[in-house]
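Engineer: So that you have it, the file is run.pdb, and it contains PDB, C-alpha atoms:
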MODEL        1
ATOM      1  CA  MET A  23     -69.544-132.084 -69.110
ATOM      2  CA  ALA A  24     -72.460-131.176 -66.862
ATOM      3  CA  CYS A  25     -74.210-128.655 -67.030
ATOM      4  CA  ARG A  26     -68.872-105.706 -62.607
ATOM      5  CA  HIS A  27     -66.561-104.721 -61.051
ATOM      6  CA  GLU A  28     -63.133-105.834 -62.128
ATOM      7  CA  HIS A  29     -59.854-105.243 -60.320
ATOM      8  CA  ASN A  30     -56.379-106.528 -60.975
ATOM      9  CA  ASP A  31     -55.046-106.942 -57.432
ATOM     10  CA  HIS A  32     -53.873-110.542 -56.939
ATOM     11  CA  GLY A  33     -55.049-111.362 -60.427
ATOM     12  CA  GLY A  34     -58.732-110.968 -59.629
ATOM     13  CA  GLY A  35     -61.567-108.931 -58.246
ATOM     14  CA  CYS A  36     -61.224-107.528 -54.764
ATOM     15  CA  PRO A  37     -64.067-108.074 -52.299
ATOM     16  CA  HIS A  38     -67.035-105.750 -52.184
ATOM     17  CA  ASP A  39     -68.889-105.129 -48.945
ATOM     18  CA  HIS A  40     -72.664-105.237 -49.296
ATOM     19  CA  GLY A  41     -74.773-104.180 -46.348
ATOM     20  CA  ASN A  42     -77.719-106.120 -44.999
ATOM     21  CA  ARG A  43     -80.444-103.598 -45.759
ATOM     22  CA  PRO A  44     -83.719-105.252 -46.898
ATOM     23  CA  GLU A  45     -83.224-104.131 -50.482
ATOM     24  CA  ASP A  46     -79.659-105.503 -50.467
ATOM     25  CA  GLU A  47     -80.897-108.824 -49.104
ATOM     26  CA  ARG A  48     -83.521-109.114 -51.837
ATOM     27  CA  ALA A  49     -81.025-108.252 -54.566
ATOM     28  CA  ALA A  50     -78.468-110.742 -53.220
ATOM     29  CA  ALA A  51     -81.038-113.544 -53.055
ATOM     30  CA  LYS A  52     -82.187-112.785 -56.600
ATOM     31  CA  ASP A  53     -78.608-113.057 -57.927
ATOM     32  CA  SER A  54     -77.997-116.389 -56.205
ATOM     33  CA  LEU A  55     -77.315-119.362 -58.475
ATOM     34  CA  TRP A  56     -78.214-121.870 -55.754
ATOM     35  CA  ASN A  57     -81.304-123.071 -57.631
ATOM     36  CA  TYR A  58     -79.116-123.981 -60.620
ATOM     37  CA  ILE A  59     -76.487-126.022 -58.765
ATOM     38  CA  ASP A  60     -76.669-129.772 -59.408
ATOM     39  CA  ILE A  61     -76.299-130.581 -55.704
ATOM     40  CA  PRO A  62     -76.246-134.421 -55.992
ATOM     41  CA  LYS A  63     -73.182-134.173 -58.278
ATOM     42  CA  VAL A  64     -71.190-131.790 -56.078
ATOM     43  CA  ARG A  65     -68.047-133.459 -54.742
ATOM     44  CA  ALA A  66     -64.923-132.555 -52.785
ATOM     45  CA  LEU A  67     -61.418-133.825 -52.149
ATOM     46  CA  ASN A  68     -59.932-133.925 -48.637
ATOM     47  CA  GLU A  69     -63.255-133.338 -46.873
ATOM     48  CA  HIS A  70     -63.365-134.716 -43.336
ATOM     49  CA  GLU A  71     -66.998-135.812 -43.504
ATOM     50  CA  PRO A  72     -68.282-137.335 -46.767
ATOM     51  CA  GLU A  73     -70.842-135.204 -48.602
ATOM     52  CA  ALA A  74     -70.298-132.225 -46.277
ATOM     53  CA  CYS A  75     -69.446-130.102 -49.325
ATOM     54  CA  LYS A  76     -73.095-130.251 -50.407
ATOM     55  CA  ARG A  77     -74.283-128.703 -47.151
ATOM     56  CA  VAL A  78     -72.307-125.446 -47.467
ATOM     57  CA  LEU A  79     -74.045-124.653 -50.757
ATOM     58  CA  LYS A  80     -77.133-123.113 -49.177
ATOM     59  CA  PRO A  81     -79.853-120.641 -50.102
ATOM     60  CA  TRP A  82     -78.807-117.057 -49.453
ATOM     61  CA  HIS A  83     -81.044-116.646 -46.392
ATOM     62  CA  GLU A  84     -79.318-119.630 -44.710
ATOM     63  CA  ARG A  85     -75.764-118.369 -45.207
ATOM     64  CA  LEU A  86     -75.230-117.552 -41.495
ATOM     65  CA  ASP A  87     -76.349-121.007 -40.315
ATOM     66  CA  THR A  88     -73.192-122.484 -38.763
ATOM     67  CA  SER A  89     -74.783-125.844 -37.940
ATOM     68  CA  LYS A  90     -73.759-127.044 -41.398
ATOM     69  CA  HIS A  91     -70.116-126.835 -42.353
ATOM     70  CA  LEU A  92     -67.304-128.405 -44.360
ATOM     71  CA  SER A  93     -63.893-129.126 -42.840
ATOM     72  CA  SER A  94     -60.752-130.413 -44.496
ATOM     73  CA  ASP A  95     -59.242-133.667 -43.335
ATOM     74  CA  ALA A  96     -55.506-134.389 -43.653
ATOM     75  CA  ASP A  97     -54.366-130.770 -44.020
ATOM     76  CA  GLU A  98     -55.731-127.321 -44.876
ATOM     77  CA  GLU A  99     -56.281-127.903 -48.619
ATOM     78  CA  LEU A 100     -59.766-128.307 -50.129
ATOM     79  CA  LEU A 101     -61.014-128.883 -53.671
ATOM     80  CA  ILE A 102     -64.724-128.609 -54.527
ATOM     81  CA  PHE A 103     -66.376-129.453 -57.864
ATOM     82  CA  ILE A 104     -69.707-127.680 -58.481
ATOM     83  CA  PRO A 105     -71.744-128.457 -61.624
ATOM     84  CA  PHE A 106     -74.746-126.443 -62.787
ATOM     85  CA  THR A 107     -78.004-127.669 -64.279
ATOM     86  CA  GLU A 108     -77.852-124.849 -66.850
ATOM     87  CA  VAL A 109     -75.066-122.801 -68.416
ATOM     88  CA  VAL A 110     -74.546-119.701 -66.272
ATOM     89  CA  LYS A 111     -72.737-116.374 -66.175
ATOM     90  CA  LEU A 112     -70.803-116.271 -62.895
ATOM     91  CA  ARG A 113     -70.497-112.734 -61.531
ATOM     92  CA  ALA A 114     -69.199-113.225 -57.976
ATOM     93  CA  ILE A 115     -68.410-115.747 -55.248
ATOM     94  CA  VAL A 116     -69.144-115.398 -51.532
ATOM     95  CA  VAL A 117     -67.118-117.371 -48.966
ATOM     96  CA  ILE A 118     -67.786-117.662 -45.232
ATOM     97  CA  GLY A 119     -64.934-119.420 -43.461
ATOM     98  CA  GLY A 120     -64.151-120.596 -39.969
ATOM     99  CA  ASP A 121     -62.569-118.828 -37.005
ATOM    100  CA  GLU A 122     -59.167-119.271 -35.334
ATOM    101  CA  GLY A 123     -57.195-119.357 -38.563
ATOM    102  CA  GLU A 124     -59.430-121.930 -40.257
ATOM    103  CA  ALA A 125     -60.837-119.590 -42.927
ATOM    104  CA  PRO A 126     -59.312-120.103 -46.387
ATOM    105  CA  SER A 127     -56.771-117.443 -47.359
ATOM    106  CA  LYS A 128     -56.747-118.043 -51.109
ATOM    107  CA  MET A 129     -59.246-119.245 -53.705
ATOM    108  CA  ARG A 130     -58.405-120.473 -57.215
ATOM    109  CA  VAL A 131     -61.121-121.258 -59.769
ATOM    110  CA  PHE A 132     -61.217-123.506 -62.828
ATOM    111  CA  THR A 133     -64.192-123.637 -65.198
ATOM    112  CA  ASN A 134     -65.673-126.358 -67.409
ATOM    113  CA  ARG A 135     -63.232-129.016 -66.208
ATOM    114  CA  GLU A 136     -64.230-132.322 -64.624
ATOM    115  CA  ASP A 137     -60.714-133.702 -64.226
ATOM    116  CA  ILE A 138     -59.166-131.311 -61.692
ATOM    117  CA  ASP A 139     -57.487-133.017 -58.735
ATOM    118  CA  PHE A 140     -54.915-131.607 -56.331
ATOM    119  CA  ASP A 141     -52.002-132.380 -58.637
ATOM    120  CA  LEU A 142     -53.614-130.633 -61.611
ATOM    121  CA  ALA A 143     -54.852-127.750 -59.474
ATOM    122  CA  ASN A 144     -51.404-127.046 -58.049
ATOM    123  CA  ASN A 145     -49.687-127.305 -61.420
ATOM    124  CA  SER A 146     -52.188-125.472 -63.635
ATOM    125  CA  VAL A 147     -53.026-121.827 -64.156
ATOM    126  CA  PRO A 148     -56.563-121.109 -62.867
ATOM    127  CA  VAL A 149     -59.057-118.951 -64.715
ATOM    128  CA  GLN A 150     -58.856-116.574 -61.742
ATOM    129  CA  GLU A 151     -57.583-116.473 -58.169
ATOM    130  CA  TRP A 152     -58.208-114.278 -55.158
ATOM    131  CA  GLU A 153     -56.578-113.475 -51.830
ATOM    132  CA  LEU A 154     -59.404-113.860 -49.304
ATOM    133  CA  SER A 155     -60.283-111.854 -46.217
ATOM    134  CA  GLU A 156     -60.065-113.651 -42.886
ATOM    135  CA  ASP A 157     -63.112-111.808 -41.552
ATOM    136  CA  SER A 158     -65.923-113.230 -43.659
ATOM    137  CA  ARG A 159     -68.393-114.204 -40.949
ATOM    138  CA  HIS A 160     -71.340-112.180 -42.217
ATOM    139  CA  GLY A 161     -71.150-113.097 -45.890
ATOM    140  CA  GLU A 162     -71.083-109.450 -46.932
ATOM    141  CA  LEU A 163     -67.925-109.741 -49.058
ATOM    142  CA  GLU A 164     -68.275-110.664 -52.714
ATOM    143  CA  TYR A 165     -65.276-111.709 -54.785
ATOM    144  CA  ALA A 166     -66.017-110.391 -58.272
ATOM    145  CA  THR A 167     -65.023-112.466 -61.279
ATOM    146  CA  LYS A 168     -63.379-111.247 -64.444
ATOM    147  CA  TYR A 169     -66.809-111.430 -65.976
ATOM    148  CA  SER A 170     -65.780-111.942 -69.604
ATOM    149  CA  LYS A 171     -64.097-115.218 -68.596
ATOM    150  CA  PHE A 172     -67.175-116.560 -66.811
ATOM    151  CA  THR A 173     -70.007-116.057 -69.317
ATOM    152  CA  SER A 174     -70.501-119.703 -70.392
ATOM    153  CA  VAL A 175     -69.947-121.808 -67.290
ATOM    154  CA  CYS A 176     -71.158-125.406 -66.967
ATOM    155  CA  ASN A 177     -69.195-126.167 -63.807
ATOM    156  CA  VAL A 178     -66.583-124.671 -61.514
ATOM    157  CA  THR A 179     -63.866-126.232 -59.404
ATOM    158  CA  LEU A 180     -62.900-124.188 -56.356
ATOM    159  CA  HIS A 181     -59.408-124.788 -54.991
ATOM    160  CA  PHE A 182     -58.587-123.548 -51.494
ATOM    161  CA  PRO A 183     -54.851-124.262 -51.093
ATOM    162  CA  SER A 184     -54.218-122.485 -47.774
ATOM    163  CA  ASN A 185     -55.736-120.823 -44.726
ATOM    164  CA  PHE A 186     -54.741-118.343 -42.013
ATOM    165  CA  GLY A 187     -52.700-120.751 -39.888
ATOM    166  CA  GLY A 188     -55.215-123.345 -38.716
ATOM    167  CA  ASP A 189     -54.561-127.085 -38.865
ATOM    168  CA  ILE A 190     -57.667-127.513 -41.013
ATOM    169  CA  THR A 191     -59.826-125.308 -43.230
ATOM    170  CA  THR A 192     -63.497-124.790 -42.392
ATOM    171  CA  LEU A 193     -66.234-123.434 -44.647
ATOM    172  CA  TYR A 194     -69.747-122.506 -43.559
ATOM    173  CA  PHE A 195     -71.075-121.090 -46.806
ATOM    174  CA  LEU A 196     -70.263-120.895 -50.504
ATOM    175  CA  GLY A 197     -72.442-118.589 -52.567
ATOM    176  CA  LEU A 198     -72.315-118.261 -56.337
ATOM    177  CA  LYS A 199     -73.920-115.212 -57.943
ATOM    178  CA  GLY A 200     -74.851-114.500 -61.532
ATOM    179  CA  GLU A 201     -77.517-115.449 -64.027
ATOM    180  CA  THR A 202     -78.474-118.202 -66.437
ATOM    181  CA  THR A 203     -77.922-117.929 -70.180
ATOM    182  CA  SER A 204     -79.556-119.153 -73.378
ATOM    183  CA  VAL A 205     -76.385-121.053 -74.246
ATOM    184  CA  THR A 206     -76.609-124.848 -74.093
ATOM    185  CA  THR A 207     -74.054-127.242 -72.657
ATOM    186  CA  LYS A 208     -73.635-128.724 -76.159
ATOM    187  CA  GLN A 209     -72.663-125.314 -77.518
ATOM    188  CA  VAL A 210     -70.072-124.850 -74.770
ATOM    189  CA  ILE A 211     -68.548-128.233 -75.586
ATOM    190  CA  MET A 212     -68.519-127.492 -79.322
ATOM    191  CA  ASN A 213     -66.825-124.131 -78.731
ATOM    192  CA  ALA A 214     -64.185-125.772 -76.548
ATOM    193  CA  VAL A 215     -63.479-128.404 -79.217
ATOM    194  CA  TYR A 216     -63.319-125.740 -81.936
ATOM    195  CA  GLU A 217     -60.875-123.584 -79.981
ATOM    196  CA  SER A 218     -58.577-126.529 -79.259
ATOM    197  CA  ALA A 219     -58.600-127.873 -82.840
ATOM    198  CA  PRO A 220     -55.719-126.966 -85.210
ATOM    199  CA  ARG A 221     -56.649-124.262 -87.715
ATOM    200  CA  PRO A 222     -56.256-124.894 -91.487
ATOM    201  CA  GLN A 223     -54.208-121.723 -91.880
ATOM    202  CA  ASP A 224     -51.650-123.126 -89.454
ATOM    203  CA  HIS A 225     -51.108-126.078 -91.775
ATOM    204  CA  LYS A 226     -50.815-123.799 -94.802
ATOM    205  CA  ILE A 227     -48.077-121.826 -93.095
ATOM    206  CA  ALA A 228     -46.250-125.013 -92.191
ATOM    207  CA  ASP A 229     -46.569-126.393 -95.743
ATOM    208  CA  SER A 230     -45.329-123.120 -97.223
ATOM    209  CA  THR A 231     -42.317-123.165 -94.942
ATOM    210  CA  MET A 232     -41.463-126.706 -95.992
ATOM    211  CA  MET A 233     -41.706-125.763 -99.677
ATOM    212  CA  ASP A 234     -39.364-122.822 -99.143
ATOM    213  CA  VAL A 235     -36.645-124.916 -97.587
ATOM    214  CA  ALA A 236     -37.013-127.975 -99.808
ATOM    215  CA  PRO A 237     -34.910-126.709-102.800
ATOM    216  CA  GLY A 238     -31.955-126.117-100.575
ATOM    217  CA  MET A 239     -31.878-129.614 -99.216
TER
ENDMDL
END
Give the structure from this file in structure tokens form.

Structural biologist:
Amino acid sequence: MACRHEHNDHGGGCPHDHGNRPEDERAAAKDSLWNYIDIPKVRALNEHEPEACKRVLKPWHERLDTSKHLSSDADEELLIFIPFTEVVKLRAIVVIGGDEGEAPSKMRVFTNREDIDFDLANNSVPVQEWELSEDSRHGELEYATKYSKFTSVCNVTLHFPSNFGGDITTLYFLGLKGETTSVTTKQVIMNAVYESAPRPQDHKIADSTMMDVAPGM
């Protein structure tokens, strides 16, 4: 494994509109996690041009540059794996999509998984999902996370299953906002193993149950 506002509509945070005043621009750039993305290890499924997914992860001040983009290939679905160089707290995601129905209409996010493909994505429950706005050209909409679920993130997989009617899906910018943590990747892995391991008390309950029924056999 590499390494606050909350709303309940559509199972996730609704977008927040942030203006482009100088102080807003400085705050947005400061919150950007771009410097902590392990760009060489970013990968995508169903991208039309290989490695294009790496070019839409840009510094905040380049978010409106449409010369770099990612388009889907066979259909409108896209899947993007984004690892971080440090464990982060993910607060919000910014998406700038294409015109003429090519902007994604839904986003589903999985965390700390390196095995997500289209089959798993479509048959698994994401950590969070959002209905997206079609008008995202200025990058002023932030999709807030359920913050408590995104406080120890080593990587994210973004699943865009649909768009607004276009034959393909186009992305111009993906922005991840938050902060780094003092947690290490090893600690995240150990916590995941601990949470998935059977607890001793579960076995005690099972053993007790077996002892209760044994005399009647």

Engineer: So which one's closest to Ser158 in chain A, A:Ser170, A:Thr179, A:Ser127, A:Ser146? Using all atoms listed in the file, please.

Structural biologist: A:Ser127

Engineer: Just give me the gap between CA of Thr88 in chain A and CA of Lys111 in chain A in Å, one decimal is fine.

Structural biologist: 28.1 Å

Engineer: Please evaluate the PyMOL selection byres ((chain A and resi 174) around 6) against the displayed coordinates and give the resulting residues as a list of chain:residue names.

Structural biologist: A:Val109, A:Val110, A:Lys111, A:Phe172, A:Thr173, A:Val175

Engineer: Would you mind exporting C-alpha atoms of the selected residues as a compact mmCIF listing (two decimals), in the frame of the given file?

Structural biologist:
# COMPACT_ATOMS: atom_id res chain seq x y z
CA VAL A 109 -75.07 -122.80 -68.42
CA VAL A 110 -74.55 -119.70 -66.27
CA LYS A 111 -72.74 -116.37 -66.18
CA PHE A 172 -67.18 -116.56 -66.81
CA THR A 173 -70.01 -116.06 -69.32
CA VAL A 175 -69.95 -121.81 -67.29

Engineer: In Å, with one decimal, what is the gap from CA of Leu198 in chain A to CA of Asn68 in chain A?

Structural biologist: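 Rounded to one decimal, the two atoms are 21.4 Å apart.
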
Engineer: Which residue gives the smallest distance to Leu92 in chain A among A:Ile138, A:Ile59, A:Leu67, A:Val147, with all atoms listed in the file counted?

Structural biologist: A:Leu67

Engineer: Write out as a list of chain:residue names which residues come within 10 Å of Glu156 in chain A when counting all atoms listed in the file, dropping same-chain ones fewer than 2 positions away.

Structural biologist: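 So the residues in contact are A:Ile118, A:Gly119, A:Gly120, A:Asp121, A:Glu122, A:Gly123, A:Glu124, A:Ala125, A:Pro126, A:Ser127, A:Lys128, A:Glu153, A:Leu154, A:Ser158, A:Arg159, A:Asn185, A:Phe186.
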
Engineer: Could the residues in this selection be saved with C-alpha atoms as a compact mmCIF listing (two decimals), in the frame of the given file?

Structural biologist:
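Result file selection.txt:
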# COMPACT_ATOMS: atom_id res chain seq x y z
CA ILE A 118 -67.79 -117.66 -45.23
CA GLY A 119 -64.93 -119.42 -43.46
CA GLY A 120 -64.15 -120.60 -39.97
CA ASP A 121 -62.57 -118.83 -37.01
CA GLU A 122 -59.17 -119.27 -35.33
CA GLY A 123 -57.20 -119.36 -38.56
CA GLU A 124 -59.43 -121.93 -40.26
CA ALA A 125 -60.84 -119.59 -42.93
CA PRO A 126 -59.31 -120.10 -46.39
CA SER A 127 -56.77 -117.44 -47.36
CA LYS A 128 -56.75 -118.04 -51.11
CA GLU A 153 -56.58 -113.48 -51.83
CA LEU A 154 -59.40 -113.86 -49.30
CA SER A 158 -65.92 -113.23 -43.66
CA ARG A 159 -68.39 -114.20 -40.95
CA ASN A 185 -55.74 -120.82 -44.73
CA PHE A 186 -54.74 -118.34 -42.01

Engineer: A:Pro183, A:Gly197, A:Pro62, A:Pro148: which is nearest Glu84 in chain A, counting only C-alpha atoms?

Structural biologist: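 For Glu84 in chain A, the nearest of the given residues is A:Gly197.
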
Engineer: Restricting the calculation to all atoms listed in the file: of A:Cys176, A:Leu55, A:Ile115, A:Ile61, which residue gets closest to Leu196 in chain A?

Structural biologist: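 Distance minimum relative to Leu196 in chain A lands on A:Ile115.
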
Engineer: Excluding Leu101 in chain A and any residue of its chain fewer than 2 positions from it, enumerate the residues within 12 Å of it, using only C-alpha atoms, and give them as a PyMOL selection string.

Structural biologist: chain A and resi 64-69+75+92-95+97-99+103-104+126+128-132+136-144+178-184+191+193

Engineer: Just the number, please: distance in Å from CA of Gly188 in chain A to CA of Thr167 in chain A, one decimal.

Structural biologist: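 Spanning CA of Gly188 in chain A to CA of Thr167 in chain A is a straight-line distance of 26.9 Å.
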
Engineer: Build an axis-aligned box that encloses every atom of range 52-65 of chain A listed in the file, pad it by 4 Å on each side, and report its centre and edge lengths in Å to one decimal, as JSON.

Structural biologist:
{"center_x": -75.1, "center_y": -123.6, "center_z": -57.7, "size_x": 22.1, "size_y": 29.6, "size_z": 13.9}

Engineer: Given the choices A:Ala96, A:Val205, A:Val116, A:Cys25, which gets closest to His70 in chain A if the distance is worked out from all atoms listed in the file?

Structural biologist: A:Ala96

Engineer: Could you give me range 58-69 of chain A completed to all heavy atoms, formatted as a JSON list (two decimals), in the frame of the given file?

Structural biologist:
[["chain", "number", "residue", "atom", "x", "y", "z"],
["A", 58, "TYR", "N", -79.64, -123.40, -59.39],
["A", 58, "TYR", "CA", -79.12, -123.98, -60.62],
["A", 58, "TYR", "C", -77.89, -124.87, -60.37],
["A", 58, "TYR", "O", -77.24, -125.30, -61.32],
["A", 58, "TYR", "CB", -78.77, -122.87, -61.61],
["A", 58, "TYR", "CG", -79.96, -121.99, -61.92],
["A", 58, "TYR", "CD1", -80.10, -120.75, -61.29],
["A", 58, "TYR", "CD2", -80.97, -122.41, -62.77],
["A", 58, "TYR", "CE1", -81.20, -119.94, -61.54],
["A", 58, "TYR", "CE2", -82.08, -121.62, -63.02],
["A", 58, "TYR", "CZ", -82.19, -120.38, -62.41],
["A", 58, "TYR", "OH", -83.28, -119.59, -62.64],
["A", 59, "ILE", "N", -77.59, -125.12, -59.10],
["A", 59, "ILE", "CA", -76.49, -126.02, -58.76],
["A", 59, "ILE", "C", -77.01, -127.46, -58.74],
["A", 59, "ILE", "O", -78.05, -127.74, -58.13],
["A", 59, "ILE", "CB", -75.87, -125.66, -57.40],
["A", 59, "ILE", "CG1", -75.24, -124.27, -57.46],
["A", 59, "ILE", "CG2", -74.82, -126.69, -57.00],
["A", 59, "ILE", "CD1", -74.72, -123.78, -56.12],
["A", 60, "ASP", "N", -76.30, -128.36, -59.39],
["A", 60, "ASP", "CA", -76.67, -129.77, -59.41],
["A", 60, "ASP", "C", -76.11, -130.42, -58.14],
["A", 60, "ASP", "O", -75.08, -131.11, -58.17],
["A", 60, "ASP", "CB", -76.10, -130.43, -60.67],
["A", 60, "ASP", "CG", -76.74, -131.77, -60.97],
["A", 60, "ASP", "OD1", -77.45, -132.30, -60.09],
["A", 60, "ASP", "OD2", -76.54, -132.29, -62.09],
["A", 61, "ILE", "N", -76.80, -130.20, -57.03],
["A", 61, "ILE", "CA", -76.30, -130.58, -55.70],
["A", 61, "ILE", "C", -75.88, -132.05, -55.61],
["A", 61, "ILE", "O", -74.82, -132.36, -55.04],
["A", 61, "ILE", "CB", -77.34, -130.26, -54.61],
["A", 61, "ILE", "CG1", -77.59, -128.75, -54.54],
["A", 61, "ILE", "CG2", -76.87, -130.79, -53.25],
["A", 61, "ILE", "CD1", -76.43, -127.94, -54.04],
["A", 62, "PRO", "N", -76.66, -133.01, -56.13],
["A", 62, "PRO", "CA", -76.25, -134.42, -55.99],
["A", 62, "PRO", "C", -74.88, -134.73, -56.62],
["A", 62, "PRO", "O", -74.22, -135.69, -56.22],
["A", 62, "PRO", "CB", -77.36, -135.19, -56.72],
["A", 62, "PRO", "CG", -78.55, -134.29, -56.63],
["A", 62, "PRO", "CD", -77.99, -132.90, -56.76],
["A", 63, "LYS", "N", -74.45, -133.91, -57.58],
["A", 63, "LYS", "CA", -73.18, -134.17, -58.28],
["A", 63, "LYS", "C", -72.02, -133.36, -57.72],
["A", 63, "LYS", "O", -70.89, -133.47, -58.21],
["A", 63, "LYS", "CB", -73.34, -133.91, -59.77],
["A", 63, "LYS", "CG", -74.33, -134.86, -60.44],
["A", 63, "LYS", "CD", -74.44, -134.58, -61.94],
["A", 63, "LYS", "CE", -75.44, -135.53, -62.60],
["A", 63, "LYS", "NZ", -75.60, -135.26, -64.04],
["A", 64, "VAL", "N", -72.27, -132.54, -56.72],
["A", 64, "VAL", "CA", -71.19, -131.79, -56.08],
["A", 64, "VAL", "C", -70.29, -132.78, -55.33],
["A", 64, "VAL", "O", -70.76, -133.70, -54.67],
["A", 64, "VAL", "CB", -71.77, -130.74, -55.10],
["A", 64, "VAL", "CG1", -70.64, -130.07, -54.30],
["A", 64, "VAL", "CG2", -72.57, -129.69, -55.87],
["A", 65, "ARG", "N", -68.98, -132.57, -55.43],
["A", 65, "ARG", "CA", -68.05, -133.46, -54.74],
["A", 65, "ARG", "C", -66.83, -132.67, -54.28],
["A", 65, "ARG", "O", -66.57, -131.57, -54.77],
["A", 65, "ARG", "CB", -67.61, -134.61, -55.65],
["A", 65, "ARG", "CG", -66.87, -134.18, -56.91],
["A", 65, "ARG", "CD", -66.47, -135.38, -57.75],
["A", 65, "ARG", "NE", -65.67, -135.01, -58.91],
["A", 65, "ARG", "CZ", -66.14, -134.81, -60.12],
["A", 65, "ARG", "NH1", -67.44, -134.94, -60.34],
["A", 65, "ARG", "NH2", -65.33, -134.47, -61.12],
["A", 66, "ALA", "N", -66.11, -133.24, -53.32],
["A", 66, "ALA", "CA", -64.92, -132.56, -52.78],
["A", 66, "ALA", "C", -63.81, -133.56, -52.52],
["A", 66, "ALA", "O", -64.06, -134.75, -52.29],
["A", 66, "ALA", "CB", -65.28, -131.82, -51.50],
["A", 67, "LEU", "N", -62.59, -133.05, -52.53],
["A", 67, "LEU", "CA", -61.42, -133.82, -52.15],
["A", 67, "LEU", "C", -60.89, -133.30, -50.82],
["A", 67, "LEU", "O", -60.88, -132.09, -50.59],
["A", 67, "LEU", "CB", -60.33, -133.72, -53.22],
["A", 67, "LEU", "CG", -60.65, -134.31, -54.60],
["A", 67, "LEU", "CD1", -59.46, -134.13, -55.54],
["A", 67, "LEU", "CD2", -61.05, -135.77, -54.50],
["A", 68, "ASN", "N", -60.49, -134.22, -49.97],
["A", 68, "ASN", "CA", -59.93, -133.93, -48.64],
["A", 68, "ASN", "C", -60.98, -133.36, -47.67],
["A", 68, "ASN", "O", -60.66, -132.61, -46.76],
["A", 68, "ASN", "CB", -58.74, -132.96, -48.72],
["A", 68, "ASN", "CG", -57.90, -132.96, -47.45],
["A", 68, "ASN", "OD1", -57.70, -134.01, -46.83],
["A", 68, "ASN", "ND2", -57.43, -131.79, -47.03],
["A", 69, "GLU", "N", -62.24, -133.74, -47.85],
["A", 69, "GLU", "CA", -63.26, -133.34, -46.87],
["A", 69, "GLU", "C", -63.27, -134.35, -45.73],
["A", 69, "GLU", "O", -63.15, -135.55, -45.94],
["A", 69, "GLU", "CB", -64.64, -133.20, -47.50],
["A", 69, "GLU", "CG", -65.20, -134.45, -48.13],
["A", 69, "GLU", "CD", -66.57, -134.23, -48.76],
["A", 69, "GLU", "OE1", -67.26, -133.27, -48.36],
["A", 69, "GLU", "OE2", -66.95, -135.02, -49.65]]
